[in-house]
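Listing of start_30.txt, compact mmCIF, C-alpha atoms
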```
# COMPACT_ATOMS: atom_id res chain seq x y z
CA MET H 19 31.51 -16.54 26.34
CA LEU H 20 33.41 -19.58 25.34
CA TYR H 21 36.28 -20.77 27.50
CA ILE H 22 37.48 -24.22 26.55
CA LYS H 23 41.06 -25.28 27.14
CA THR H 24 44.55 -23.93 27.23
CA MET H 25 47.13 -24.56 24.54
CA GLY H 26 50.51 -23.27 25.63
CA GLY H 27 49.05 -20.24 27.38
CA TRP H 28 46.32 -19.65 24.76
CA VAL H 29 42.61 -20.34 25.31
CA GLU H 30 39.76 -20.75 22.84
CA LEU H 31 37.49 -17.75 23.20
CA TYR H 32 35.10 -18.29 20.30
CA ILE H 33 34.42 -20.73 17.46
CA THR H 34 32.89 -19.73 14.14
CA HIS H 35 32.64 -21.19 10.64
CA ASP H 36 32.90 -17.82 8.89
CA GLN H 37 36.37 -16.48 8.03
CA LEU H 38 35.08 -12.91 7.72
CA GLU H 39 33.48 -13.08 11.18
CA ALA H 40 36.75 -14.44 12.61
CA GLU H 41 38.71 -11.55 11.08
CA MET H 42 36.20 -9.00 12.39
CA ILE H 43 36.41 -10.46 15.92
CA LYS H 44 40.19 -10.40 15.69
CA ASP H 45 40.14 -6.73 14.67
CA ILE H 46 37.77 -5.82 17.52
CA LEU H 47 39.90 -7.60 20.11
CA GLU H 48 43.18 -6.22 18.78
CA SER H 49 41.76 -2.70 18.86
CA GLY H 50 41.21 -3.37 22.59
CA GLY H 51 44.86 -4.34 23.02
CA ILE H 52 44.26 -8.12 23.05
CA GLU H 53 46.68 -10.36 21.13
CA VAL H 54 44.69 -12.82 18.97
CA VAL H 55 45.46 -15.97 16.99
CA ILE H 56 43.05 -17.45 14.46
CA GLN H 57 43.33 -21.22 14.14
CA SER H 58 41.63 -23.14 11.34
CA ALA H 59 41.75 -26.66 9.95
CA LYS H 60 40.50 -25.44 6.56
CA ILE H 61 42.72 -26.04 3.55
CA SER H 62 42.59 -22.97 1.31
CA PRO H 63 42.06 -24.62 -2.11
CA TYR H 64 39.31 -26.80 -0.64
CA PRO H 65 36.82 -24.63 1.28
CA VAL H 66 35.36 -27.52 3.26
CA ASN H 67 32.89 -26.39 5.86
CA ILE H 68 31.79 -29.70 7.38
CA GLY H 69 31.77 -30.20 11.14
CA ARG H 70 35.07 -29.59 12.89
CA LEU H 71 36.88 -29.20 9.54
CA GLY H 72 35.04 -25.92 9.13
CA GLU H 73 35.79 -24.56 12.59
CA ILE H 74 37.74 -21.35 12.94
CA LYS H 75 38.92 -20.81 16.51
CA ILE H 76 39.66 -17.45 18.05
CA LEU H 77 42.45 -17.83 20.62
CA VAL H 78 43.60 -15.29 23.20
CA ARG H 79 46.21 -15.43 25.92
CA GLU H 80 44.87 -16.96 29.12
CA GLU H 81 45.57 -13.79 31.11
CA ASP H 82 43.56 -11.73 28.56
CA ARG H 83 40.49 -14.00 28.56
CA GLU H 84 38.31 -11.95 30.91
CA THR H 85 39.09 -8.67 29.16
CA ALA H 86 38.45 -10.29 25.76
CA GLU H 87 35.08 -11.57 26.99
CA GLN H 88 34.14 -8.06 28.15
CA ILE H 89 35.12 -6.61 24.77
CA MET H 90 33.07 -9.28 22.98
CA ARG H 91 30.01 -8.58 25.15
CA ALA H 92 30.30 -4.85 24.42
CA ALA H 93 30.66 -5.37 20.64
CA PRO H 94 27.50 -4.94 18.55
CA GLN H 95 25.87 -8.29 17.68
CA GLU H 96 24.83 -9.21 14.15
CA GLU H 97 21.18 -9.24 13.16
CA SER H 98 21.55 -12.94 12.29
CA GLY H 99 21.42 -13.76 15.98
CA ALA H 100 24.82 -15.46 15.91
CA GLU H 101 25.69 -16.59 19.43
CA PRO H 102 28.99 -17.73 20.90
CA GLU H 103 29.40 -21.46 21.20
CA GLU H 104 28.17 -23.06 24.44
CA GLU H 105 30.73 -23.67 27.17
CA ARG H 106 32.47 -27.02 26.97
CA SER H 107 34.18 -28.94 29.74
```

Write the structure described by the file as structure tokens, please.
Amino acid sequence: MLYIKTMGGWVELYITHDQLEAEMIKDILESGGIEVVIQSAKISPYPVNIGRLGEIKILVREEDRETAEQIMRAAPQEESGAEPEEERS
């Protein structure tokens, strides 16, 4: 799982470029009682999907990180083979 940095008590759990995937992850985590924030640099009228401009970050509270990772591991994976981003320092 992805664990990057804290932002006021929130940590990045996962990064995707697909809004639908982000919403599905949010729903899965919220059904497990985890509060989730989706953060994106995309500007709605201009669906740019280039590099970091296309990133959609899934944030959870720092104290919920481990539980969120367990929920993500237990969730069914897509056939596309989509993998969580590699850990960053």

Quiz item: Counting all atoms listed in the file, which of H:Ala86, H:Gly72, H:Leu77, H:Arg91 gets nearest to Thr34 of chain H?
Solution: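 That would be H:Gly72, the residue with the smallest distance to Thr34 of chain H.
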
Quiz item: What separation in Å, quoted to one decimal, exists between atom CA of Glu73 of chain H and atom CA of Gln57 of chain H?
Solution: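 About the pair atom CA of Glu73 of chain H and atom CA of Gln57 of chain H: they are 8.4 Å apart.
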
Exercise. Would you please work out which residue, of H:Asp82, H:Tyr32, H:Glu87, H:Ala93, is nearest to Gly51 of chain H when using only C-alpha atoms?
Key: H:Asp82

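One finds atom CA of Ala59 of chain H at 27.4 Å from atom CA of Pro94 of chain H.
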
Practice problem: Quick one: pull the distance between atom CA of Leu71 of chain H and atom CA of Ile56 of chain H, Å, one decimal. | Solution: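 Atom-to-atom, atom CA of Leu71 of chain H and atom CA of Ile56 of chain H are spaced 14.2 Å apart.
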
Quiz item: Could you pull the residues within 12 Å of Met90 of chain H, counting only C-alpha atoms, minus those fewer than 3 positions along the same chain, as a ChimeraX atom specification?
Solution: /H:19-20,31-32,42-50,52,76,83-87,93-95,101-102
